[in-house]
Number of protein chains: 2
Amino acid sequence: MFGFELHASDGAARTGVLRTPRGDIRTPAFMPVGTAGAVKAMLPDSVRATGAEIVLGNTYHLMLRPGAERIARLGGLHTFMAWDGPILTDSGGFQVMSLAKLRKVTEEGVAFQSHIDGANEFLSPERAMDIQRLLGSDIQMVLDECPAFPATETQIESSLALSMRWAKRSKAAFGGQPDRACFGIVQGGVFPHLRRRSAEELIEIGFDGYAVGGLAVGEGQSTMFEVLDATVPLLPRDRPRYLMGVGKPDDIVGAVLRGIDMFDCVLPTRSGRNGQAFTRTGTLNLRNARHAEDPAPLDGECRCPACRKFSRAYLHHVVKANEIIASMLLTWHNLTYYQDLMAELRAAISSGGMAEFAAGFARQRQENDVPPDPDVSH
Amino acid sequence: MFGFELHASDGAARTGVLRTPRGDIRTPAFMPVGTAGAVKAMLPDSVRATGAEIVLGNTYHLMLRPGAERIARLGGLHTFMAWDGPILTDSGGFQVMSLAKLRKVTEEGVAFQSHIDGANEFLSPERAMDIQRLLGSDIQMVLDECPAFPATETQIESSLALSMRWAKRSKAAFGGQPDRACFGIVQGGVFPHLRRRSAEELIEIGFDGYAVGGLAVGEGQSTMFEVLDATVPLLPRDRPRYLMGVGKPDDIVGAVLRGIDMFDCVLPTRSGRNGQAFTRTGTLNLRNARHAEDPAPLDGECRCPACRKFSRAYLHHVVKANEIIASMLLTWHNLTYYQDLMAELRAAISSGGMAEFAAGFARQRQENDVPPDPDVSH
């Protein structure tokens, strides 16, 4: 059965465990993104070895290729991608906005063309839930309409109203799946009263967990934190809270401080494929010539294969030579860094040292390299 | 100390063990190609898990990037690429011919431009051995001049004469490195009397092992086997024999039948990255739509992760979606297939069943799919 237990809190930050029939997830948790049925450049055993207890799958990508019905015939997404832990699937709403062509939103749903082959597709709240059911997703997200940033208050208000009607239809379509969870998504842009309205309407419908959507789309970290300050306290204490598509390590620390339990982001995987590494002493671009003869490991405290077996000089070389092993090693490292950060956050909350941890984390980052600022997106 | 022991023979085929200070290599052996300091799309532990006991490194690629002196300063190639088993390095002769620009061969050596950045480079027999010493190679190859195919007898004879003078200089430059081996390379194209001359001159110089070069360059399998029939019997029985850059599974079976002990080829790794898989029931192109809903494993008898955990349908999907995991899984599978083939060949020779094994192997391949015929090259 699905369930959520809180074990400790420290200020607004909390730590606990999300129980699913496929395994427990310690929170705060980071979910690696397995977009199209694979966490890019990682085998499932390696994803597990980083400490990940749940991965995310993308409804949009999987509905287009290989197709939800096909995955169902092949035994579901867990079997298909050989990941036996829990899987959360998004609803496709965000990718339809960011990737699909000729998008047309109506009350019924959203018509669009596939970015892969231009095929005409349609996603409604009911279809989004049906796809997630076919995939066998453990945590299913309602379909929402994701407005572009920036948007006017009027645009956000109108989009929010549609998203709330879709949330109700999504929940009805989800129906009773006792071993699976359905999460609502709070929208409302950067407007506190719209976030409040959204949270209240979702709580009225009633969900197993509550996500905060529509952030990390360009509003900046301080605005994002303001939105969290205004939104998170409105959410039920006894339900998990998921900040979608976030983020950089300091985004995550700040969001955990504000009471968020779950995260997903392509940043560690995408950055890895781009030659960037998150380390305890700063963010490194391995393409930089200063690493060419450096025999030191990427991060002396890290337990991943990239750090235990290879030098920065080697990683520089394989990045420059476009060797696939560069993506493999840096992805493994970055995911390990993220999982270790989550473990440190859980420990800090358990011991009542969250504020101190967050302050130390911020100080350490100021003392070290200024991190690059790669795109953050789903 | 370097040494070679023969344990059994069956007809011309033999099985034994090549002893090196970094570990034993059971022969016949297949050496995965680690071109630029990495077996493409594989971590070293995974290469080892396929059954590989030695990998090959490319002098040409490594001298251009990151440079032999740099690798030496970083502790040598084994440390650099985190492979603690034996490494054989080629001399760069073949890649200079196939990849470099503005190649100019003189008695002294070969001047060329790097295919990476156009830099002027020079490779002589002495420099080739120096680079391999800097890399820390366990088995070093003499520099040879590799004529293009087809070539006239006069061209081959002249090229061969130069290669033999270079072999003598290479051996002198190798000098006394007690824990390392130096192999000569028999050239002579498709001309038996030139192959004989080459073998005799190399034996006169005296090497730890003898390679057969200049094959698998377009002459076809039957011609290649004829050259082996004419060449291998001339080589010392108590030294390992290495057929360079070969080849397809049936090339390997035929060459083992003719007394070859060692192989290297990019085919299993390159084919894997191109969506092709070698299996006990034929060669598959995973891009083909017929695999789209096939829940069967690639090869039901294979022990690799691609076969134990995933379906053909999944592999088809990740190949089509250009996911890095496709290259990772198919490379791992193909290398496992090659290592399992070598193990079966060793067992067949040990039990006196080599002819039967070869006949069964040929029959099985006729009964199954006609294999595609991808490019075979270094």
# chains A, B, ... in the order shown; residues from 1 in each chain; ligands from 1
>>> select_by_dssp(residues="range 116-187 of chain A", states="alpha helix (DSSP H)", output="PyMOL selection string")
chain A and resi 125-135+153-174
>>> write_last_selection(atoms="N, CA and C atoms", output="mmCIF file, in the first residue's frame")
data_model
loop_
_atom_site.group_PDB
_atom_site.id
_atom_site.type_symbol
_atom_site.label_atom_id
_atom_site.label_comp_id
_atom_site.auth_asym_id
_atom_site.auth_seq_id
_atom_site.Cartn_x
_atom_site.Cartn_y
_atom_site.Cartn_z
ATOM 1 N N PRO A 125 -6.901 14.911 -19.800
ATOM 2 C CA PRO A 125 -6.669 14.400 -18.444
ATOM 3 C C PRO A 125 -6.903 12.897 -18.375
ATOM 4 N N GLU A 126 -7.970 12.440 -19.032
ATOM 5 C CA GLU A 126 -8.281 11.012 -18.988
ATOM 6 C C GLU A 126 -7.210 10.195 -19.708
ATOM 7 N N ARG A 127 -6.773 10.680 -20.870
ATOM 8 C CA ARG A 127 -5.760 9.942 -21.623
ATOM 9 C C ARG A 127 -4.424 9.940 -20.865
ATOM 10 N N ALA A 128 -4.076 11.047 -20.247
ATOM 11 C CA ALA A 128 -2.815 11.113 -19.486
ATOM 12 C C ALA A 128 -2.824 10.083 -18.358
ATOM 13 N N MET A 129 -3.963 9.945 -17.679
ATOM 14 C CA MET A 129 -4.040 8.956 -16.599
ATOM 15 C C MET A 129 -4.043 7.543 -17.171
ATOM 16 N N ASP A 130 -4.690 7.374 -18.312
ATOM 17 C CA ASP A 130 -4.731 6.059 -18.942
ATOM 18 C C ASP A 130 -3.324 5.617 -19.350
ATOM 19 N N ILE A 131 -2.568 6.540 -19.921
ATOM 20 C CA ILE A 131 -1.187 6.226 -20.317
ATOM 21 C C ILE A 131 -0.374 5.826 -19.087
ATOM 22 N N GLN A 132 -0.512 6.584 -18.012
ATOM 23 C CA GLN A 132 0.279 6.285 -16.812
ATOM 24 C C GLN A 132 -0.125 4.939 -16.197
ATOM 25 N N ARG A 133 -1.426 4.616 -16.323
ATOM 26 C CA ARG A 133 -1.888 3.308 -15.856
ATOM 27 C C ARG A 133 -1.286 2.202 -16.711
ATOM 28 N N LEU A 134 -1.283 2.415 -18.042
ATOM 29 C CA LEU A 134 -0.696 1.424 -18.950
ATOM 30 C C LEU A 134 0.795 1.237 -18.675
ATOM 31 N N LEU A 135 1.483 2.326 -18.360
ATOM 32 C CA LEU A 135 2.916 2.224 -18.060
ATOM 33 C C LEU A 135 3.142 1.461 -16.755
ATOM 34 N N GLU A 153 -0.930 38.000 -15.084
ATOM 35 C CA GLU A 153 -1.766 37.430 -14.038
ATOM 36 C C GLU A 153 -3.050 36.858 -14.638
ATOM 37 N N THR A 154 -3.595 37.579 -15.614
ATOM 38 C CA THR A 154 -4.827 37.110 -16.260
ATOM 39 C C THR A 154 -4.601 35.777 -16.974
ATOM 40 N N GLN A 155 -3.465 35.676 -17.674
ATOM 41 C CA GLN A 155 -3.152 34.415 -18.364
ATOM 42 C C GLN A 155 -3.000 33.273 -17.359
ATOM 43 N N ILE A 156 -2.269 33.556 -16.287
ATOM 44 C CA ILE A 156 -2.039 32.516 -15.281
ATOM 45 C C ILE A 156 -3.361 32.101 -14.630
ATOM 46 N N GLU A 157 -4.214 33.080 -14.362
ATOM 47 C CA GLU A 157 -5.477 32.785 -13.697
ATOM 48 C C GLU A 157 -6.353 31.893 -14.572
ATOM 49 N N SER A 158 -6.374 32.218 -15.853
ATOM 50 C CA SER A 158 -7.190 31.433 -16.776
ATOM 51 C C SER A 158 -6.611 30.026 -16.953
ATOM 52 N N SER A 159 -5.295 29.948 -17.068
ATOM 53 C CA SER A 159 -4.628 28.648 -17.214
ATOM 54 C C SER A 159 -4.843 27.798 -15.958
ATOM 55 N N LEU A 160 -4.747 28.458 -14.802
ATOM 56 C CA LEU A 160 -4.921 27.762 -13.538
ATOM 57 C C LEU A 160 -6.326 27.160 -13.433
ATOM 58 N N ALA A 161 -7.316 27.943 -13.846
ATOM 59 C CA ALA A 161 -8.692 27.457 -13.760
ATOM 60 C C ALA A 161 -8.849 26.184 -14.597
ATOM 61 N N LEU A 162 -8.265 26.223 -15.790
ATOM 62 C CA LEU A 162 -8.321 25.025 -16.643
ATOM 63 C C LEU A 162 -7.601 23.860 -15.961
ATOM 64 N N SER A 163 -6.410 24.135 -15.428
ATOM 65 C CA SER A 163 -5.638 23.068 -14.777
ATOM 66 C C SER A 163 -6.408 22.456 -13.611
ATOM 67 N N MET A 164 -7.162 23.268 -12.899
ATOM 68 C CA MET A 164 -7.911 22.725 -11.756
ATOM 69 C C MET A 164 -9.082 21.859 -12.246
ATOM 70 N N ARG A 165 -9.723 22.287 -13.352
ATOM 71 C CA ARG A 165 -10.782 21.426 -13.911
ATOM 72 C C ARG A 165 -10.174 20.103 -14.397
ATOM 73 N N TRP A 166 -8.976 20.212 -15.013
ATOM 74 C CA TRP A 166 -8.287 18.991 -15.468
ATOM 75 C C TRP A 166 -7.864 18.122 -14.290
ATOM 76 N N ALA A 167 -7.475 18.771 -13.189
ATOM 77 C CA ALA A 167 -7.049 17.997 -12.014
ATOM 78 C C ALA A 167 -8.209 17.139 -11.511
ATOM 79 N N LYS A 168 -9.400 17.740 -11.509
ATOM 80 C CA LYS A 168 -10.584 17.009 -11.046
ATOM 81 C C LYS A 168 -10.868 15.825 -11.971
ATOM 82 N N ARG A 169 -10.799 16.076 -13.285
ATOM 83 C CA ARG A 169 -11.026 14.984 -14.245
ATOM 84 C C ARG A 169 -9.927 13.924 -14.124
ATOM 85 N N SER A 170 -8.676 14.374 -13.888
ATOM 86 C CA SER A 170 -7.564 13.419 -13.747
ATOM 87 C C SER A 170 -7.812 12.495 -12.564
ATOM 88 N N LYS A 171 -8.213 13.082 -11.451
ATOM 89 C CA LYS A 171 -8.441 12.281 -10.248
ATOM 90 C C LYS A 171 -9.586 11.289 -10.484
ATOM 91 N N ALA A 172 -10.650 11.763 -11.150
ATOM 92 C CA ALA A 172 -11.771 10.867 -11.450
ATOM 93 C C ALA A 172 -11.309 9.720 -12.347
ATOM 94 N N ALA A 173 -10.468 10.036 -13.324
ATOM 95 C CA ALA A 173 -9.970 9.000 -14.237
ATOM 96 C C ALA A 173 -9.022 8.045 -13.514
ATOM 97 N N PHE A 174 -8.258 8.567 -12.572
ATOM 98 C CA PHE A 174 -7.351 7.709 -11.787
ATOM 99 C C PHE A 174 -8.168 6.677 -11.019
#
>>> interface_residues(of="chain B", to="chain A", cutoff="9 Å", atoms="only C-alpha atoms", output="PDB file with N, CA and C atoms, in the first residue's frame")
ATOM      1  N   ALA B  36      41.259   5.135 -27.718  1.00  0.00           N
ATOM      2  CA  ALA B  36      41.793   6.395 -27.199  1.00  0.00           C
ATOM      3  C   ALA B  36      41.804   6.389 -25.673  1.00  0.00           C
ATOM      4  N   GLY B  37      42.095   5.231 -25.088  1.00  0.00           N
ATOM      5  CA  GLY B  37      42.122   5.150 -23.632  1.00  0.00           C
ATOM      6  C   GLY B  37      40.806   4.713 -23.035  1.00  0.00           C
ATOM      7  N   ALA B  38      39.925   4.165 -23.869  1.00  0.00           N
ATOM      8  CA  ALA B  38      38.647   3.637 -23.382  1.00  0.00           C
ATOM      9  C   ALA B  38      38.121   2.643 -24.406  1.00  0.00           C
ATOM     10  N   VAL B  39      37.654   1.493 -23.933  1.00  0.00           N
ATOM     11  CA  VAL B  39      36.866   0.619 -24.795  1.00  0.00           C
ATOM     12  C   VAL B  39      35.514   1.318 -24.917  1.00  0.00           C
ATOM     13  N   LYS B  40      35.171   1.723 -26.104  1.00  0.00           N
ATOM     14  CA  LYS B  40      34.054   2.652 -26.275  1.00  0.00           C
ATOM     15  C   LYS B  40      32.761   2.121 -25.633  1.00  0.00           C
ATOM     16  N   ALA B  41      32.136   2.988 -24.836  1.00  0.00           N
ATOM     17  CA  ALA B  41      30.833   2.720 -24.189  1.00  0.00           C
ATOM     18  C   ALA B  41      30.911   1.675 -23.076  1.00  0.00           C
ATOM     19  N   MET B  42      32.131   1.380 -22.592  1.00  0.00           N
ATOM     20  CA  MET B  42      32.302   0.371 -21.543  1.00  0.00           C
ATOM     21  C   MET B  42      33.189   0.909 -20.421  1.00  0.00           C
ATOM     22  N   LEU B  43      32.809   0.598 -19.173  1.00  0.00           N
ATOM     23  CA  LEU B  43      33.712   0.838 -18.056  1.00  0.00           C
ATOM     24  C   LEU B  43      34.669  -0.354 -17.949  1.00  0.00           C
ATOM     25  N   ARG B  65      46.392  12.609 -28.791  1.00  0.00           N
ATOM     26  CA  ARG B  65      45.543  13.104 -27.698  1.00  0.00           C
ATOM     27  C   ARG B  65      45.335  11.994 -26.707  1.00  0.00           C
ATOM     28  N   PRO B  66      45.776  12.094 -25.467  1.00  0.00           N
ATOM     29  CA  PRO B  66      46.331  13.290 -24.818  1.00  0.00           C
ATOM     30  C   PRO B  66      47.840  13.427 -24.950  1.00  0.00           C
ATOM     31  N   ARG B  70      52.327  12.906 -21.674  1.00  0.00           N
ATOM     32  CA  ARG B  70      51.332  13.257 -20.642  1.00  0.00           C
ATOM     33  C   ARG B  70      50.836  11.999 -19.926  1.00  0.00           C
ATOM     34  N   ILE B  71      50.545  10.957 -20.698  1.00  0.00           N
ATOM     35  CA  ILE B  71      50.090   9.717 -20.052  1.00  0.00           C
ATOM     36  C   ILE B  71      51.176   9.170 -19.129  1.00  0.00           C
ATOM     37  N   ARG B  73      53.437  10.917 -17.525  1.00  0.00           N
ATOM     38  CA  ARG B  73      53.456  11.746 -16.302  1.00  0.00           C
ATOM     39  C   ARG B  73      52.294  11.392 -15.374  1.00  0.00           C
ATOM     40  N   LEU B  74      51.195  10.920 -15.956  1.00  0.00           N
ATOM     41  CA  LEU B  74      50.019  10.568 -15.147  1.00  0.00           C
ATOM     42  C   LEU B  74      50.066   9.120 -14.657  1.00  0.00           C
ATOM     43  N   GLY B  75      51.207   8.449 -14.892  1.00  0.00           N
ATOM     44  CA  GLY B  75      51.366   7.119 -14.323  1.00  0.00           C
ATOM     45  C   GLY B  75      51.226   5.979 -15.314  1.00  0.00           C
ATOM     46  N   THR B  79      47.072   3.002 -15.407  1.00  0.00           N
ATOM     47  CA  THR B  79      46.504   3.873 -14.380  1.00  0.00           C
ATOM     48  C   THR B  79      45.517   4.849 -14.994  1.00  0.00           C
ATOM     49  N   PHE B  80      45.918   5.441 -16.116  1.00  0.00           N
ATOM     50  CA  PHE B  80      45.109   6.471 -16.766  1.00  0.00           C
ATOM     51  C   PHE B  80      43.714   5.949 -17.081  1.00  0.00           C
ATOM     52  N   MET B  81      43.646   4.764 -17.705  1.00  0.00           N
ATOM     53  CA  MET B  81      42.345   4.238 -18.124  1.00  0.00           C
ATOM     54  C   MET B  81      41.767   3.230 -17.135  1.00  0.00           C
ATOM     55  N   ALA B  82      42.433   3.046 -15.978  1.00  0.00           N
ATOM     56  CA  ALA B  82      41.928   2.174 -14.915  1.00  0.00           C
ATOM     57  C   ALA B  82      41.722   0.732 -15.380  1.00  0.00           C
ATOM     58  N   ALA B 292      10.280  -4.714 -32.651  1.00  0.00           N
ATOM     59  CA  ALA B 292       9.613  -3.681 -31.843  1.00  0.00           C
ATOM     60  C   ALA B 292       8.759  -4.237 -30.705  1.00  0.00           C
ATOM     61  N   GLU B 293       8.176  -5.421 -30.903  1.00  0.00           N
ATOM     62  CA  GLU B 293       7.333  -5.969 -29.818  1.00  0.00           C
ATOM     63  C   GLU B 293       7.820  -7.330 -29.356  1.00  0.00           C
ATOM     64  N   ASP B 294       9.066  -7.620 -29.609  1.00  0.00           N
ATOM     65  CA  ASP B 294       9.588  -8.949 -29.280  1.00  0.00           C
ATOM     66  C   ASP B 294      10.078  -8.983 -27.831  1.00  0.00           C
ATOM     67  N   PRO B 295       9.375  -9.740 -26.974  1.00  0.00           N
ATOM     68  CA  PRO B 295       9.781  -9.773 -25.563  1.00  0.00           C
ATOM     69  C   PRO B 295      10.977 -10.682 -25.299  1.00  0.00           C
ATOM     70  N   LYS B 309      18.465  -8.936 -18.720  1.00  0.00           N
ATOM     71  CA  LYS B 309      17.520  -7.983 -18.127  1.00  0.00           C
ATOM     72  C   LYS B 309      16.582  -7.305 -19.115  1.00  0.00           C
ATOM     73  N   PHE B 310      16.894  -7.348 -20.391  1.00  0.00           N
ATOM     74  CA  PHE B 310      16.120  -6.559 -21.340  1.00  0.00           C
ATOM     75  C   PHE B 310      15.611  -7.423 -22.501  1.00  0.00           C
ATOM     76  N   SER B 311      14.552  -6.917 -23.122  1.00  0.00           N
ATOM     77  CA  SER B 311      13.980  -7.587 -24.285  1.00  0.00           C
ATOM     78  C   SER B 311      14.545  -6.986 -25.575  1.00  0.00           C
ATOM     79  N   ALA B 313      12.621  -5.910 -27.741  1.00  0.00           N
ATOM     80  CA  ALA B 313      11.763  -4.732 -27.916  1.00  0.00           C
ATOM     81  C   ALA B 313      12.391  -3.498 -27.261  1.00  0.00           C
ATOM     82  N   TYR B 314      12.939  -3.683 -26.054  1.00  0.00           N
ATOM     83  CA  TYR B 314      13.574  -2.545 -25.373  1.00  0.00           C
ATOM     84  C   TYR B 314      14.803  -2.084 -26.146  1.00  0.00           C
ATOM     85  N   HIS B 317      13.841  -0.144 -29.045  1.00  0.00           N
ATOM     86  CA  HIS B 317      13.403   1.202 -28.646  1.00  0.00           C
ATOM     87  C   HIS B 317      14.586   2.123 -28.376  1.00  0.00           C
ATOM     88  N   VAL B 318      15.556   1.666 -27.593  1.00  0.00           N
ATOM     89  CA  VAL B 318      16.650   2.575 -27.226  1.00  0.00           C
ATOM     90  C   VAL B 318      17.594   2.835 -28.406  1.00  0.00           C
ATOM     91  N   LYS B 320      16.439   3.085 -31.551  1.00  0.00           N
ATOM     92  CA  LYS B 320      15.685   4.080 -32.320  1.00  0.00           C
ATOM     93  C   LYS B 320      15.728   5.459 -31.658  1.00  0.00           C
ATOM     94  N   ALA B 321      15.700   5.473 -30.323  1.00  0.00           N
ATOM     95  CA  ALA B 321      15.665   6.742 -29.593  1.00  0.00           C
ATOM     96  C   ALA B 321      17.069   7.323 -29.386  1.00  0.00           C
ATOM     97  N   GLU B 323      19.386   6.437 -27.518  1.00  0.00           N
ATOM     98  CA  GLU B 323      19.799   6.463 -26.121  1.00  0.00           C
ATOM     99  C   GLU B 323      21.205   5.853 -25.985  1.00  0.00           C
ATOM    100  N   ILE B 324      22.030   6.474 -25.155  1.00  0.00           N
ATOM    101  CA  ILE B 324      23.393   5.981 -24.941  1.00  0.00           C
ATOM    102  C   ILE B 324      23.368   4.544 -24.421  1.00  0.00           C
ATOM    103  N   ILE B 325      22.326   4.201 -23.662  1.00  0.00           N
ATOM    104  CA  ILE B 325      22.249   2.851 -23.113  1.00  0.00           C
ATOM    105  C   ILE B 325      22.213   1.798 -24.223  1.00  0.00           C
ATOM    106  N   ALA B 326      21.756   2.165 -25.404  1.00  0.00           N
ATOM    107  CA  ALA B 326      21.768   1.219 -26.524  1.00  0.00           C
ATOM    108  C   ALA B 326      23.209   0.834 -26.862  1.00  0.00           C
ATOM    109  N   SER B 327      24.075   1.829 -26.976  1.00  0.00           N
ATOM    110  CA  SER B 327      25.491   1.533 -27.247  1.00  0.00           C
ATOM    111  C   SER B 327      26.107   0.743 -26.103  1.00  0.00           C
ATOM    112  N   MET B 328      25.755   1.104 -24.877  1.00  0.00           N
ATOM    113  CA  MET B 328      26.329   0.426 -23.713  1.00  0.00           C
ATOM    114  C   MET B 328      25.934  -1.046 -23.694  1.00  0.00           C
ATOM    115  N   LEU B 329      24.638  -1.307 -23.867  1.00  0.00           N
ATOM    116  CA  LEU B 329      24.156  -2.689 -23.760  1.00  0.00           C
ATOM    117  C   LEU B 329      24.620  -3.539 -24.940  1.00  0.00           C
TER     118      LEU B 329
END
>>> closest_residue(among="B:Arg363, B:Arg195, B:Arg14, B:Arg270", to="Pro28 in chain B", atoms="only C-alpha atoms")
B:Arg14
>>> residues_around(residues="Asp208 in chain A", least_positions_apart="3", cutoff="12 Å", atoms="only C-alpha atoms", output="PyMOL selection string")
chain A and resi 1-4+18-20+138-142+171+174+176-185+202-203+205+211+235-242
>>> closest_atom_pairs(of="range 53-117 of chain A", to="range 259-267 of chain A", cutoff="12 Å", atoms="only C-alpha atoms", output="JSON lines")
{"residue": "A:Glu53", "atom": "CA", "partner": "A:Met262", "partner_atom": "CA", "distance": 11.5}
{"residue": "A:Ile54", "atom": "CA", "partner": "A:Asp264", "partner_atom": "CA", "distance": 10.0}
{"residue": "A:Val55", "atom": "CA", "partner": "A:Asp264", "partner_atom": "CA", "distance": 8.5}
{"residue": "A:Leu56", "atom": "CA", "partner": "A:Asp264", "partner_atom": "CA", "distance": 7.4}
{"residue": "A:Gly57", "atom": "CA", "partner": "A:Asp264", "partner_atom": "CA", "distance": 10.4}
{"residue": "A:Asn58", "atom": "CA", "partner": "A:Asp264", "partner_atom": "CA", "distance": 11.5}
{"residue": "A:Ile87", "atom": "CA", "partner": "A:Asp264", "partner_atom": "CA", "distance": 11.8}
{"residue": "A:Leu88", "atom": "CA", "partner": "A:Asp264", "partner_atom": "CA", "distance": 9.8}
{"residue": "A:Thr89", "atom": "CA", "partner": "A:Asp264", "partner_atom": "CA", "distance": 10.8}
{"residue": "A:Asp90", "atom": "CA", "partner": "A:Asp264", "partner_atom": "CA", "distance": 10.4}
>>> closest_residue(among="A:His333, A:Arg22, A:Arg346, A:His78", to="Thr269 in chain A", atoms="only C-alpha atoms")
A:His333
>>> select_by_dssp(residues="range 180-243 of chain A", states="strand (DSSP E)", output="JSON, numbers by chain")
{"A": [181, 182, 183, 184, 185, 186, 209, 210, 211, 212, 241, 242, 243]}
>>> residues_around(residues="range 93-99 of chain B", least_positions_apart="3", cutoff="7 Å", atoms="only C-alpha atoms", output="list in words")
Tyr60, His115, Leu143, Asp144, Glu145 and Cys146 of chain B
>>> write_last_selection(atoms="N, CA and C atoms", output="compact mmCIF listing (two decimals), in the first residue's frame")
# COMPACT_ATOMS: atom_id res chain seq x y z
N TYR B 60 48.59 5.62 -32.32
CA TYR B 60 48.27 6.80 -33.14
C TYR B 60 47.33 7.75 -32.38
N HIS B 115 44.63 13.98 -37.74
CA HIS B 115 43.26 14.14 -38.23
C HIS B 115 42.42 14.95 -37.25
N LEU B 143 56.80 -0.78 -35.73
CA LEU B 143 56.19 0.08 -36.75
C LEU B 143 56.33 -0.59 -38.11
N ASP B 144 55.23 -0.68 -38.82
CA ASP B 144 55.30 -1.20 -40.18
C ASP B 144 54.64 -0.22 -41.13
N GLU B 145 54.95 -0.38 -42.40
CA GLU B 145 54.31 0.45 -43.40
C GLU B 145 53.17 -0.38 -43.96
N CYS B 146 51.96 0.16 -43.92
CA CYS B 146 50.78 -0.60 -44.32
C CYS B 146 50.31 -0.13 -45.68
>>> atom_distance(atom1="CA of Gly118 in chain A", atom2="CA of Leu215 in chain A")
28.3 Å
>>> residues_around(residues="Asp117 in chain A", least_positions_apart="3", cutoff="12 Å", atoms="only C-alpha atoms", output="list in words")
Leu64, Arg65, Ala100, Lys101, Phe112, Gln113, Ser114, Asn120 and Glu121 of chain A
>>> atom_distance(atom1="CA of Asp24 in chain A", atom2="CA of Gly51 in chain A")
12.2 Å
>>> residues_around(residues="range 276-289 of chain B", least_positions_apart="4", cutoff="9 Å", atoms="only C-alpha atoms", output="JSON, numbers by chain")
{"B": [249, 268, 270, 271, 272, 293, 298, 299, 300, 301, 302, 312, 313, 315, 316, 317, 319, 320, 330, 331, 333, 334, 337, 338, 364, 365, 367, 368, 369, 370, 371, 372]}
>>> decode(residues="range 24-36 of chain B", atoms="N, CA and C atoms", output="CSV table (one decimal), in the first residue's frame")
chain,number,residue,atom,x,y,z
B,24,ASP,N,47.6,-13.4,-16.7
B,24,ASP,CA,47.6,-14.4,-17.8
B,24,ASP,C,46.5,-14.1,-18.8
B,25,ILE,N,46.8,-14.5,-20.0
B,25,ILE,CA,45.8,-14.4,-21.1
B,25,ILE,C,45.7,-15.8,-21.7
B,26,ARG,N,44.5,-16.3,-21.6
B,26,ARG,CA,44.2,-17.6,-22.2
B,26,ARG,C,44.1,-17.4,-23.7
B,27,THR,N,44.7,-18.3,-24.5
B,27,THR,CA,44.6,-18.2,-25.9
B,27,THR,C,43.9,-19.4,-26.5
B,28,PRO,N,43.2,-19.3,-27.7
B,28,PRO,CA,43.0,-18.1,-28.4
B,28,PRO,C,42.3,-17.0,-27.6
B,29,ALA,N,42.8,-15.7,-27.8
B,29,ALA,CA,42.2,-14.6,-27.1
B,29,ALA,C,41.7,-13.5,-28.0
B,30,PHE,N,40.7,-12.9,-27.6
B,30,PHE,CA,40.2,-11.7,-28.3
B,30,PHE,C,40.4,-10.5,-27.5
B,31,MET,N,41.1,-9.4,-28.1
B,31,MET,CA,41.4,-8.2,-27.4
B,31,MET,C,40.5,-7.1,-27.8
B,32,PRO,N,39.6,-6.6,-26.9
B,32,PRO,CA,38.7,-5.5,-27.2
B,32,PRO,C,39.6,-4.3,-27.5
B,33,VAL,N,39.2,-3.4,-28.4
B,33,VAL,CA,39.9,-2.3,-28.8
B,33,VAL,C,39.6,-1.1,-27.9
B,34,GLY,N,40.6,-0.5,-27.2
B,34,GLY,CA,40.4,0.6,-26.4
B,34,GLY,C,41.1,1.8,-27.0
B,35,THR,N,40.7,2.2,-28.1
B,35,THR,CA,41.3,3.1,-29.0
B,35,THR,C,42.1,4.3,-28.3
B,36,ALA,N,41.3,5.1,-27.7
B,36,ALA,CA,41.8,6.4,-27.2
B,36,ALA,C,41.8,6.4,-25.7
